[in-house]
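Participant: This is the structure, below, for whatever I ask next.
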Amino acid sequence: IFRNVYTEILLPLSFGLKLPMLGILNNHLGRLAVISTAAAGPVSHLPIENVTTVGAFSSTSLRYLPASAENQAQISFEFTPHMDLSPGDIVTLMLPGFFYKCTVQVQGCNLINGTIQGRVESSFPRYSLQHLTWNANREELSLTVARGVDSGVRVSVQVPRYGLDSACPCGLALPADGLEPDDQHLKVKASAVVASFMPTAVESSDAVGAFLHSEIILVPAIAGGPADITLRLRASMQLSSGYHVKIRLPGFELLPHMRERMLKYLAERTDKTLPYSNKFTISSSPSGLFEEAILTTDGLENEIRFSVKRKVPARQMVAVIIPKSYGLIIPRQGLEENQATLQIMTDVPTSPVSWRPILTSPRVSPVVTRFTDYRRLDIIENVL
């Protein structure tokens, strides 16, 4: 290197040098320096004059209430900035899969050019963050700093479940496919006067369970007749041993001998709130994942609880089979295609899924009752 020649040294990403966890701010200028052992003139400590500032957040977390896929939730975000935040600075959450949803359709509550503006429910320090903007195209929630926050101060903000823009019964809904615990696709970034914070994965976030696939298969699919009932499902999360998957099959009936047993129990029970229940054996594919189920009914509503015998890995397709010999009868009035009253849930504690419609179910034509008007036939014969 020749004297008075501008020299640039580039350390590639592969070199593995990491920036400080707490960022690089202007107060680092006195600490960042160049040292040289050149024979022509060593340099012991020459402070670096110009540094690109880099902001930093730590202990970032996201929580949802309720943590239910496809439903609106109150979103709580916490973080500790390691640079001062000034009024007008913007903190942005990158939330792929989240979407804007209204409980009912109200005129004037639609997104405008893919965005909607509103206010947070609360923040700490008080009034530090007040205004928000949801950009549906980018799937980003931007929070604007209203009052300055000093470096190192813990910040929390709550985004309302409903009334995102005050006037509408709308809010941000969680992804239909659920979320993994500490999902690395959820990120935060910031644009601040003193330093920017590049997109970084949120360190801690809630899991949100979901059934990526759920399907009922009926063989034969004949109204008023018994059928082999197969439930096919694929969950976004692991189904742990000892917990349950439940389905609701309203309108399904029992074969006469089982129905008589049920009616006798319901008539003789001392506690009228206790439904009839019956344990029976099932099979699954892959085998051994589910082996036992319990039917609970009050004569009108039927609920079947499948016990998880062996853990089911996340995203594995499973089939659970209720044999025709058990005696469940398809409703005589038939079924609509993808009937919403056929529902599924799970009580797995890490990622529970509340009751929701089974995604795919067949249409079954109702039983047709034939009626012959013999009186009219007599009239026709007399005329002839």
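How things are named: the first chain in the structure tokens is A, the next is B, and so on; residues count from 1 in each chain; ligands count from 1 in the order shown.
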Fewer than 4 positions away in the same chain doesn't count, so skip those; otherwise give me all residues within 7 Å of stretch 133-135 of chain A, counting only C-alpha atoms, as a compact mmCIF listing (two decimals) with all heavy atoms, in the first residue's frame.
Facilitator:
# COMPACT_ATOMS: atom_id res chain seq x y z
N GLY A 114 -54.93 -0.93 0.12
CA GLY A 114 -54.21 -1.99 0.82
C GLY A 114 -53.73 -1.62 2.21
O GLY A 114 -53.01 -2.40 2.83
N THR A 115 -54.15 -0.47 2.74
CA THR A 115 -53.68 -0.05 4.07
C THR A 115 -54.85 0.43 4.92
O THR A 115 -55.91 0.80 4.40
CB THR A 115 -52.64 1.08 3.99
OG1 THR A 115 -53.26 2.26 3.42
CG2 THR A 115 -51.45 0.67 3.13
N ILE A 116 -54.63 0.42 6.22
CA ILE A 116 -55.58 1.03 7.14
C ILE A 116 -54.80 1.61 8.31
O ILE A 116 -53.78 1.05 8.73
CB ILE A 116 -56.63 0.01 7.62
CG1 ILE A 116 -57.78 0.76 8.30
CG2 ILE A 116 -56.03 -1.03 8.55
CD1 ILE A 116 -59.05 -0.04 8.39
N GLN A 117 -55.24 2.75 8.79
CA GLN A 117 -54.56 3.42 9.89
C GLN A 117 -55.44 3.40 11.13
O GLN A 117 -56.67 3.38 11.04
CB GLN A 117 -54.22 4.87 9.50
CG GLN A 117 -53.24 4.95 8.34
CD GLN A 117 -52.86 6.39 8.02
OE1 GLN A 117 -53.45 7.33 8.52
NE2 GLN A 117 -51.83 6.55 7.20
N GLY A 118 -54.80 3.36 12.28
CA GLY A 118 -55.55 3.33 13.52
C GLY A 118 -54.68 3.72 14.70
O GLY A 118 -53.62 4.34 14.54
N GLU A 139 -47.78 -7.02 4.32
CA GLU A 139 -48.02 -7.75 5.56
C GLU A 139 -47.13 -7.19 6.68
O GLU A 139 -46.43 -7.91 7.38
CB GLU A 139 -47.79 -9.25 5.37
CG GLU A 139 -48.76 -9.87 4.36
CD GLU A 139 -48.52 -11.36 4.15
OE1 GLU A 139 -47.35 -11.78 4.15
OE2 GLU A 139 -49.51 -12.10 3.98
N GLU A 140 -47.20 -5.87 6.84
CA GLU A 140 -46.38 -5.16 7.83
C GLU A 140 -47.25 -4.26 8.69
O GLU A 140 -48.16 -3.58 8.19
CB GLU A 140 -45.30 -4.32 7.15
CG GLU A 140 -44.22 -5.15 6.45
CD GLU A 140 -43.14 -4.29 5.83
OE1 GLU A 140 -43.29 -3.04 5.80
OE2 GLU A 140 -42.13 -4.86 5.37
N LEU A 141 -46.96 -4.26 9.99
CA LEU A 141 -47.63 -3.38 10.94
C LEU A 141 -46.62 -2.36 11.43
O LEU A 141 -45.64 -2.71 12.10
CB LEU A 141 -48.18 -4.18 12.11
CG LEU A 141 -48.88 -3.38 13.21
CD1 LEU A 141 -50.16 -2.74 12.69
CD2 LEU A 141 -49.19 -4.26 14.42
N SER A 142 -46.83 -1.08 11.08
CA SER A 142 -45.91 -0.02 11.46
C SER A 142 -46.46 0.76 12.65
O SER A 142 -47.64 1.14 12.67
CB SER A 142 -45.68 0.94 10.28
OG SER A 142 -45.07 0.25 9.21
N LEU A 143 -45.61 0.98 13.65
CA LEU A 143 -45.97 1.70 14.87
C LEU A 143 -45.13 2.97 14.93
O LEU A 143 -43.91 2.91 14.85
CB LEU A 143 -45.70 0.83 16.09
CG LEU A 143 -46.37 -0.56 16.07
CD1 LEU A 143 -45.74 -1.46 17.12
CD2 LEU A 143 -47.86 -0.43 16.31
Participant: Quick one: residues within 12 Å of A:Arg3, only C-alpha atoms, excluding same-chain residues fewer than 4 positions away - as a list in words?
Facilitator: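 Everything that qualifies: Thr7, Ala38, Ala40 and Gly41 of chain A.
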Participant: Using only C-alpha atoms, which of the listed residues (A:Leu328, A:Leu359, A:Ile9, A:Leu233) sits closest to A:Glu253?
Facilitator: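 Checking each of A:Leu328, A:Leu359, A:Ile9, A:Leu233 against A:Glu253, counting only C-alpha atoms, the winner is A:Leu328.
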Participant: Pick out the closest residue to A:Ile216 from this set: A:Glu70, A:Asn338, A:Lys272, A:Gly288. Count only C-alpha atoms.
Facilitator: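 Answer, going by the shortest atom-to-atom distance: A:Asn338.
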Participant: For A:Arg161, work out the shell of residues within 7 Å, counting only C-alpha atoms and skipping chain neighbours fewer than 4 positions away, then give it as a VMD selection string.
Facilitator: chain A and resid 72 to 74 171 to 172
Participant: Any chance you could export the current selection's all heavy atoms as a short mmCIF file (atom, residue, chain, number, x, y, z; two decimals), in the first residue's frame?
Facilitator:
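See part.cif below for the written result:
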data_model
loop_
_atom_site.label_atom_id
_atom_site.label_comp_id
_atom_site.auth_asym_id
_atom_site.auth_seq_id
_atom_site.Cartn_x
_atom_site.Cartn_y
_atom_site.Cartn_z
N GLN A 72 -59.29 -12.96 14.78
CA GLN A 72 -58.67 -11.73 15.25
C GLN A 72 -58.11 -11.93 16.64
O GLN A 72 -58.63 -12.72 17.43
CB GLN A 72 -59.69 -10.58 15.27
CG GLN A 72 -60.26 -10.22 13.92
CD GLN A 72 -61.62 -10.84 13.70
OE1 GLN A 72 -61.86 -11.96 14.12
NE2 GLN A 72 -62.51 -10.11 13.02
N ALA A 73 -57.03 -11.23 16.92
CA ALA A 73 -56.39 -11.36 18.23
C ALA A 73 -55.84 -10.02 18.68
O ALA A 73 -55.46 -9.18 17.86
CB ALA A 73 -55.24 -12.38 18.16
N GLN A 74 -55.82 -9.84 20.00
CA GLN A 74 -55.05 -8.72 20.55
C GLN A 74 -53.58 -9.10 20.45
O GLN A 74 -53.18 -10.20 20.85
CB GLN A 74 -55.42 -8.47 22.00
CG GLN A 74 -54.66 -7.30 22.63
CD GLN A 74 -54.77 -7.28 24.14
OE1 GLN A 74 -54.31 -8.19 24.82
NE2 GLN A 74 -55.40 -6.24 24.67
N GLY A 171 -59.98 -6.27 12.86
CA GLY A 171 -58.67 -6.37 13.49
C GLY A 171 -57.77 -7.28 12.69
O GLY A 171 -58.15 -7.79 11.62
N LEU A 172 -56.57 -7.50 13.21
CA LEU A 172 -55.63 -8.39 12.54
C LEU A 172 -55.89 -9.82 12.98
O LEU A 172 -55.97 -10.12 14.18
CB LEU A 172 -54.19 -7.99 12.88
CG LEU A 172 -53.70 -6.68 12.27
CD1 LEU A 172 -52.23 -6.47 12.61
CD2 LEU A 172 -53.88 -6.69 10.76
#
Participant: Please produce, as a Markdown table, a per-residue contact table for stretch 8-109 of chain A versus stretch 190-202 of chain A (criterion: any atom at most 10 Å away, only C-alpha atoms considered), showing the nearest atom pair and its distance in Å to one decimal, sorted by chain then residue number.
Facilitator:
| residue | atom | partner | partner_atom | distance |
| --- | --- | --- | --- | --- |
| A:Gly23 | CA | A:Phe197 | CA | 8.5 |
| A:Ile24 | CA | A:Ala195 | CA | 8.3 |
| A:Leu25 | CA | A:Ala195 | CA | 7.0 |
| A:Asn26 | CA | A:Val194 | CA | 8.1 |
| A:Thr52 | CA | A:Ala195 | CA | 8.4 |
| A:Thr53 | CA | A:Ala195 | CA | 5.2 |
| A:Val54 | CA | A:Ala195 | CA | 5.3 |
| A:Gly55 | CA | A:Phe197 | CA | 4.5 |
| A:Ala56 | CA | A:Phe197 | CA | 5.7 |
| A:Phe57 | CA | A:Phe197 | CA | 7.6 |
| A:Ser58 | CA | A:Val202 | CA | 9.1 |
| A:Ser59 | CA | A:Val202 | CA | 8.3 |
| A:Thr60 | CA | A:Val202 | CA | 5.4 |
| A:Ser61 | CA | A:Val202 | CA | 6.0 |
| A:Leu62 | CA | A:Val202 | CA | 7.4 |
| A:Phe77 | CA | A:Val202 | CA | 9.6 |
| A:Glu78 | CA | A:Val202 | CA | 9.8 |
| A:Phe79 | CA | A:Val202 | CA | 9.3 |
| A:Pro81 | CA | A:Phe197 | CA | 9.6 |
| A:His82 | CA | A:Ala195 | CA | 9.9 |
| A:Met83 | CA | A:Val194 | CA | 7.1 |
| A:Asp84 | CA | A:Val194 | CA | 7.0 |
| A:Leu85 | CA | A:Ala192 | CA | 6.3 |
| A:Ser86 | CA | A:Val193 | CA | 6.8 |
| A:Pro87 | CA | A:Ala192 | CA | 9.1 |
| A:Gly88 | CA | A:Ala192 | CA | 8.0 |
| A:Asp89 | CA | A:Ala192 | CA | 4.7 |
| A:Ile90 | CA | A:Ser191 | CA | 5.3 |
| A:Val91 | CA | A:Ala190 | CA | 4.4 |
| A:Thr92 | CA | A:Ala190 | CA | 5.9 |
| A:Leu93 | CA | A:Ala190 | CA | 8.8 |
| A:Met94 | CA | A:Pro199 | CA | 8.2 |
